[in-house]
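**Student:** query03.cif is reproduced below (mmCIF, C-alpha atoms).
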data_run
loop_
_atom_site.group_PDB
_atom_site.id
_atom_site.type_symbol
_atom_site.label_atom_id
_atom_site.label_comp_id
_atom_site.auth_asym_id
_atom_site.auth_seq_id
_atom_site.Cartn_x
_atom_site.Cartn_y
_atom_site.Cartn_z
ATOM 1 C CA MET A 517 -122.983 -43.023 105.695
ATOM 2 C CA SER A 518 -121.344 -43.439 102.331
ATOM 3 C CA ASP A 519 -122.836 -45.569 99.549
ATOM 4 C CA ASP A 520 -119.346 -46.969 98.906
ATOM 5 C CA VAL A 521 -118.400 -50.527 99.733
ATOM 6 C CA SER A 522 -117.356 -50.941 103.368
ATOM 7 C CA ILE A 523 -113.845 -51.953 104.387
ATOM 8 C CA GLN A 524 -115.255 -55.275 105.588
ATOM 9 C CA GLU A 525 -117.041 -55.947 102.277
ATOM 10 C CA ARG A 526 -113.976 -54.953 100.275
ATOM 11 C CA LEU A 527 -111.264 -56.785 102.224
ATOM 12 C CA TYR A 528 -112.850 -59.618 104.280
ATOM 13 C CA PRO A 529 -116.370 -60.439 103.082
ATOM 14 C CA GLY A 530 -116.142 -64.019 104.390
ATOM 15 C CA ALA A 531 -115.016 -63.117 107.932
ATOM 16 C CA THR A 532 -117.049 -64.618 110.769
ATOM 17 C CA CYS A 533 -115.966 -62.224 113.562
ATOM 18 C CA PHE A 534 -118.864 -61.492 115.958
ATOM 19 C CA GLY A 535 -118.368 -57.730 115.704
ATOM 20 C CA CYS A 536 -117.498 -57.098 112.077
ATOM 21 C CA GLY A 537 -117.823 -60.392 110.223
ATOM 22 C CA LEU A 538 -120.346 -60.080 107.448
ATOM 23 C CA ALA A 539 -120.511 -63.894 107.215
ATOM 24 C CA ASN A 540 -121.730 -64.174 110.831
ATOM 25 C CA PRO A 541 -125.545 -63.979 110.698
ATOM 26 C CA ASP A 542 -125.751 -63.668 114.508
ATOM 27 C CA GLY A 543 -123.051 -60.976 114.754
ATOM 28 C CA LEU A 544 -123.137 -57.189 114.719
ATOM 29 C CA GLN A 545 -121.947 -56.985 111.069
ATOM 30 C CA LEU A 546 -120.268 -53.621 111.587
ATOM 31 C CA ARG A 547 -119.469 -51.735 108.376
ATOM 32 C CA SER A 548 -116.668 -49.156 108.380
ATOM 33 C CA TYR A 549 -115.748 -46.564 105.742
ATOM 34 C CA ALA A 550 -112.562 -44.566 105.158
ATOM 35 C CA GLN A 551 -113.305 -40.847 104.759
ATOM 36 C CA ASP A 552 -110.600 -38.166 104.641
ATOM 37 C CA GLY A 553 -108.098 -39.889 106.941
ATOM 38 C CA VAL A 554 -110.734 -41.062 109.434
ATOM 39 C CA VAL A 555 -112.543 -44.398 109.421
ATOM 40 C CA VAL A 556 -116.206 -44.002 110.359
ATOM 41 C CA ALA A 557 -119.130 -46.304 111.079
ATOM 42 C CA THR A 558 -122.594 -46.182 112.549
ATOM 43 C CA PHE A 559 -123.591 -48.719 115.178
ATOM 44 C CA LEU A 560 -127.199 -49.285 116.259
ATOM 45 C CA PRO A 561 -127.329 -51.246 119.533
ATOM 46 C CA TRP A 562 -129.838 -54.058 119.999
ATOM 47 C CA PRO A 563 -132.156 -54.328 123.019
ATOM 48 C CA GLN A 564 -130.081 -57.376 124.084
ATOM 49 C CA HIS A 565 -127.045 -55.076 124.544
ATOM 50 C CA ASP A 566 -128.563 -53.594 127.738
ATOM 51 C CA ASN A 567 -126.162 -53.155 130.669
ATOM 52 C CA GLY A 568 -129.040 -53.725 133.098
ATOM 53 C CA LEU A 569 -129.546 -49.988 133.594
ATOM 54 C CA GLY A 570 -130.968 -49.129 130.180
ATOM 55 C CA TYR A 571 -127.667 -48.163 128.548
ATOM 56 C CA LEU A 572 -125.235 -49.856 126.178
ATOM 57 C CA ASN A 573 -123.244 -52.693 127.773
ATOM 58 C CA GLY A 574 -119.509 -52.044 128.242
ATOM 59 C CA GLY A 575 -118.509 -55.365 126.686
ATOM 60 C CA ILE A 576 -120.381 -54.517 123.495
ATOM 61 C CA ILE A 577 -118.734 -51.080 123.489
ATOM 62 C CA ALA A 578 -115.301 -52.740 123.772
ATOM 63 C CA THR A 579 -116.226 -55.159 120.969
ATOM 64 C CA VAL A 580 -117.235 -52.443 118.505
ATOM 65 C CA LEU A 581 -114.199 -50.315 119.404
ATOM 66 C CA ASP A 582 -111.919 -53.339 118.826
ATOM 67 C CA CYS A 583 -113.571 -54.288 115.530
ATOM 68 C CA HIS A 584 -113.677 -50.719 114.258
ATOM 69 C CA SER A 585 -110.011 -50.271 115.121
ATOM 70 C CA GLY A 586 -109.389 -53.461 113.143
ATOM 71 C CA ALA A 587 -111.125 -52.045 110.081
ATOM 72 C CA THR A 588 -108.975 -48.933 110.458
ATOM 73 C CA VAL A 589 -105.812 -51.081 110.620
ATOM 74 C CA PHE A 590 -106.845 -53.352 107.737
ATOM 75 C CA ASP A 591 -107.577 -50.353 105.525
ATOM 76 C CA GLU A 592 -104.127 -48.912 106.318
ATOM 77 C CA ALA A 593 -102.467 -52.296 105.709
ATOM 78 C CA ASP A 594 -104.224 -52.591 102.357
ATOM 79 C CA ARG A 595 -103.132 -49.092 101.317
ATOM 80 C CA GLN A 596 -99.538 -49.879 102.370
ATOM 81 C CA GLY A 597 -99.520 -53.304 100.656
ATOM 82 C CA TRP A 598 -99.049 -55.199 103.945
ATOM 83 C CA GLN A 599 -100.810 -58.450 103.059
ATOM 84 C CA ALA A 600 -101.610 -61.393 105.332
ATOM 85 C CA GLU A 601 -99.182 -64.304 105.233
ATOM 86 C CA GLU A 602 -100.259 -67.238 103.097
ATOM 87 C CA GLY A 603 -103.021 -69.162 104.867
ATOM 88 C CA LEU A 604 -103.734 -66.497 107.505
ATOM 89 C CA ALA A 605 -107.008 -64.594 107.525
ATOM 90 C CA PHE A 606 -105.707 -61.152 108.492
ATOM 91 C CA PRO A 607 -102.389 -59.273 108.357
ATOM 92 C CA PHE A 608 -102.671 -58.002 111.977
ATOM 93 C CA VAL A 609 -104.333 -59.069 115.246
ATOM 94 C CA THR A 610 -105.299 -57.149 118.370
ATOM 95 C CA ALA A 611 -102.423 -57.080 120.864
ATOM 96 C CA GLY A 612 -103.999 -54.633 123.305
ATOM 97 C CA LEU A 613 -107.090 -52.512 123.825
ATOM 98 C CA ASP A 614 -107.184 -49.806 126.505
ATOM 99 C CA VAL A 615 -110.848 -48.754 126.816
ATOM 100 C CA ARG A 616 -112.018 -45.724 128.772
ATOM 101 C CA TYR A 617 -115.736 -45.318 129.470
ATOM 102 C CA LEU A 618 -116.573 -41.618 129.629
ATOM 103 C CA ARG A 619 -120.373 -41.381 129.894
ATOM 104 C CA PRO A 620 -123.375 -43.649 129.273
ATOM 105 C CA ALA A 621 -124.185 -44.563 125.690
ATOM 106 C CA PRO A 622 -127.809 -44.931 124.566
ATOM 107 C CA LEU A 623 -129.311 -48.344 123.996
ATOM 108 C CA ALA A 624 -131.871 -47.451 121.324
ATOM 109 C CA GLU A 625 -130.139 -44.852 119.155
ATOM 110 C CA PRO A 626 -127.313 -45.049 116.599
ATOM 111 C CA CYS A 627 -123.810 -44.260 117.783
ATOM 112 C CA GLU A 628 -120.925 -43.055 115.635
ATOM 113 C CA LEU A 629 -117.547 -44.778 115.578
ATOM 114 C CA ARG A 630 -114.362 -42.975 114.529
ATOM 115 C CA GLY A 631 -110.899 -44.445 114.096
ATOM 116 C CA VAL A 632 -107.596 -42.714 113.365
ATOM 117 C CA ILE A 633 -104.182 -44.318 112.872
ATOM 118 C CA THR A 634 -101.693 -42.780 115.325
ATOM 119 C CA SER A 635 -98.628 -44.766 114.221
ATOM 120 C CA ALA A 636 -98.016 -47.500 111.699
ATOM 121 C CA ASP A 637 -95.256 -49.678 110.378
ATOM 122 C CA GLU A 638 -95.268 -53.167 108.943
ATOM 123 C CA SER A 639 -95.036 -54.827 112.361
ATOM 124 C CA VAL A 640 -97.153 -52.654 114.705
ATOM 125 C CA VAL A 641 -100.077 -50.272 114.205
ATOM 126 C CA THR A 642 -101.793 -48.142 116.850
ATOM 127 C CA VAL A 643 -105.235 -46.624 116.488
ATOM 128 C CA ASP A 644 -107.336 -44.220 118.532
ATOM 129 C CA VAL A 645 -111.056 -45.040 118.357
ATOM 130 C CA GLN A 646 -114.143 -43.381 119.790
ATOM 131 C CA LEU A 647 -117.802 -44.211 120.241
ATOM 132 C CA LEU A 648 -119.824 -40.991 120.074
ATOM 133 C CA TRP A 649 -123.463 -40.097 120.541
ATOM 134 C CA ASP A 650 -125.031 -36.663 120.355
ATOM 135 C CA GLY A 651 -121.643 -35.244 119.347
ATOM 136 C CA LYS A 652 -119.986 -36.342 122.603
ATOM 137 C CA PRO A 653 -117.539 -39.198 123.155
ATOM 138 C CA ARG A 654 -119.102 -41.953 125.266
ATOM 139 C CA ALA A 655 -116.080 -44.268 125.188
ATOM 140 C CA GLU A 656 -112.632 -44.204 123.649
ATOM 141 C CA ALA A 657 -109.811 -46.656 123.257
ATOM 142 C CA SER A 658 -106.243 -46.933 122.205
ATOM 143 C CA ALA A 659 -105.750 -50.142 120.219
ATOM 144 C CA LEU A 660 -102.452 -51.883 119.558
ATOM 145 C CA TRP A 661 -102.315 -54.252 116.593
ATOM 146 C CA LYS A 662 -99.354 -56.505 115.805
ATOM 147 C CA ARG A 663 -98.402 -58.307 112.638
ATOM 148 C CA TRP A 664 -99.828 -61.825 112.593
ATOM 149 C CA ARG A 665 -97.061 -64.245 111.767
ATOM 150 C CA ARG A 666 -96.775 -67.996 111.993
ATOM 151 C CA ARG A 667 -94.793 -69.283 114.948
#
The structure given in the file should be rewritten as structure tokens.
**Tutor:**
Amino acid sequence: MSDDVSIQERLYPGATCFGCGLANPDGLQLRSYAQDGVVVATFLPWPQHDNGLGYLNGGIIATVLDCHSGATVFDEADRQGWQAEEGLAFPFVTAGLDVRYLRPAPLAEPCELRGVITSADESVVTVDVQLLWDGKPRAEASALWKRWRRR
């Protein structure tokens, strides 16, 4: 992984999200990095993430796919100048996550996360994300993010 500052450290160092909040000492503290049009991260599961069969739990997989897609969206929003409204933590929020589980993911080895923006404008961003191990996708998702606005 790159020695550069992660997207989370750069844009939201005080976030308390379970998956990617660096200010959550009990969370996963995912760190994502933009590299040549792809956002990448490494995730090392904990023993507590067991699905009961010795593999990575599907809920944890969905969490890291959601949070990694968020880092991908927030990086794009930052590059485009799409800032959060005054008083709101983030410029976008998850509006949908369609997860597909393809094959078991290991419980004790690092997995790779990859995110790619598939469409983006100031109101809606879509991202394709994957969790890979041993060069093969274990899960993938299509994430829909919408602009967070006060109602």
**Student:** What's the 10 Å shell around segment 517-532 of chain A, counting all atoms listed in the file, without same-chain residues fewer than 5 positions away, as a ChimeraX atom specification?
**Tutor:** /A:537-543,545-551,555-558,584,586-588,590-591,594,605-606
**Student:** For segment 638-649 of chain A, list every protein, DNA or RNA residue within 9 Å, evaluated using all atoms listed in the file, and leave out those in the same chain fewer than 3 positions away; present the list as a PyMOL selection string.
**Tutor:** chain A and resi 559+577+580-582+584-586+588-589+592-593+596+598+608+621-622+625-635+652-664
**Student:** What is the atom CA of Ala600 of chain A-atom CA of Arg665 of chain A distance in Å, reported with one decimal?
**Tutor:** 8.4 Å
**Student:** Using all atoms listed in the file, which of the listed residues (A:Arg595, A:Gly651, A:Val615, A:Trp562) sits closest to Ala636 of chain A?
**Tutor:**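 Residue with the minimum atom-to-atom distance to Ala636 of chain A: A:Arg595.
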**Student:** For the structure provided, state which residues fall under the PyMOL selection byres ((chain A and resi 570) around 10), and present them as a PyMOL selection string.
**Tutor:** chain A and resi 563+565-569+571-573+620-624
**Student:** What is the atom CA of Pro607 of chain A-atom CA of Ala578 of chain A distance in Å, reported with one decimal?
**Tutor:**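 It comes out at 21.1 Å.
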**Student:** Quick one: distance from atom CA of Glu601 of chain A to atom CA of Phe534 of chain A in Å, one decimal?
**Tutor:**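 For atom CA of Glu601 of chain A relative to atom CA of Phe534 of chain A, the distance reads 22.6 Å.
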**Student:** Rebuild segment 574-592 of chain A so that it carries N, CA, C and O atoms, then output the result as a short mmCIF file (atom, residue, chain, number, x, y, z; two decimals), keeping the file's coordinate frame.
**Tutor:**
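Ended up saving to out.cif:
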data_model
loop_
_atom_site.label_atom_id
_atom_site.label_comp_id
_atom_site.auth_asym_id
_atom_site.auth_seq_id
_atom_site.Cartn_x
_atom_site.Cartn_y
_atom_site.Cartn_z
N GLY A 574 -120.93 -52.35 128.44
CA GLY A 574 -119.51 -52.04 128.24
C GLY A 574 -118.77 -53.07 127.41
O GLY A 574 -117.85 -52.74 126.67
N GLY A 575 -119.15 -54.33 127.50
CA GLY A 575 -118.51 -55.36 126.69
C GLY A 575 -118.81 -55.19 125.21
O GLY A 575 -117.94 -55.41 124.35
N ILE A 576 -120.02 -54.79 124.89
CA ILE A 576 -120.38 -54.52 123.50
C ILE A 576 -119.62 -53.29 123.01
O ILE A 576 -119.13 -53.26 121.88
N ILE A 577 -119.51 -52.27 123.86
CA ILE A 577 -118.73 -51.08 123.49
C ILE A 577 -117.30 -51.49 123.16
O ILE A 577 -116.75 -51.09 122.13
N ALA A 578 -116.68 -52.30 124.02
CA ALA A 578 -115.30 -52.74 123.77
C ALA A 578 -115.22 -53.53 122.47
O ALA A 578 -114.26 -53.37 121.70
N THR A 579 -116.22 -54.37 122.20
CA THR A 579 -116.23 -55.16 120.97
C THR A 579 -116.25 -54.27 119.74
O THR A 579 -115.47 -54.47 118.81
N VAL A 580 -117.15 -53.28 119.71
CA VAL A 580 -117.24 -52.44 118.50
C VAL A 580 -116.01 -51.54 118.37
O VAL A 580 -115.57 -51.27 117.25
N LEU A 581 -115.44 -51.10 119.49
CA LEU A 581 -114.20 -50.32 119.40
C LEU A 581 -113.06 -51.18 118.86
O LEU A 581 -112.28 -50.73 118.01
N ASP A 582 -112.95 -52.42 119.32
CA ASP A 582 -111.92 -53.34 118.83
C ASP A 582 -112.11 -53.60 117.34
O ASP A 582 -111.17 -53.47 116.55
N CYS A 583 -113.32 -53.96 116.94
CA CYS A 583 -113.57 -54.29 115.53
C CYS A 583 -113.42 -53.08 114.62
O CYS A 583 -112.89 -53.19 113.51
N HIS A 584 -113.83 -51.92 115.08
CA HIS A 584 -113.68 -50.72 114.26
C HIS A 584 -112.20 -50.34 114.15
O HIS A 584 -111.75 -49.91 113.08
N SER A 585 -111.45 -50.53 115.23
CA SER A 585 -110.01 -50.27 115.12
C SER A 585 -109.39 -51.25 114.13
O SER A 585 -108.48 -50.88 113.37
N GLY A 586 -109.88 -52.48 114.11
CA GLY A 586 -109.39 -53.46 113.14
C GLY A 586 -109.64 -53.03 111.71
O GLY A 586 -108.75 -53.12 110.86
N ALA A 587 -110.83 -52.53 111.43
CA ALA A 587 -111.12 -52.04 110.08
C ALA A 587 -110.19 -50.90 109.71
O ALA A 587 -109.71 -50.82 108.58
N THR A 588 -109.89 -50.05 110.69
CA THR A 588 -108.98 -48.93 110.46
C THR A 588 -107.58 -49.46 110.12
O THR A 588 -106.93 -48.99 109.17
N VAL A 589 -107.12 -50.47 110.86
CA VAL A 589 -105.81 -51.08 110.62
C VAL A 589 -105.79 -51.80 109.27
O VAL A 589 -104.84 -51.66 108.49
N PHE A 590 -106.83 -52.58 108.98
CA PHE A 590 -106.84 -53.35 107.74
C PHE A 590 -106.88 -52.44 106.52
O PHE A 590 -106.27 -52.74 105.49
N ASP A 591 -107.57 -51.31 106.63
CA ASP A 591 -107.58 -50.35 105.52
C ASP A 591 -106.17 -49.78 105.32
O ASP A 591 -105.71 -49.67 104.18
N GLU A 592 -105.50 -49.43 106.42
CA GLU A 592 -104.13 -48.91 106.32
C GLU A 592 -103.19 -49.97 105.74
O GLU A 592 -102.37 -49.68 104.87
#
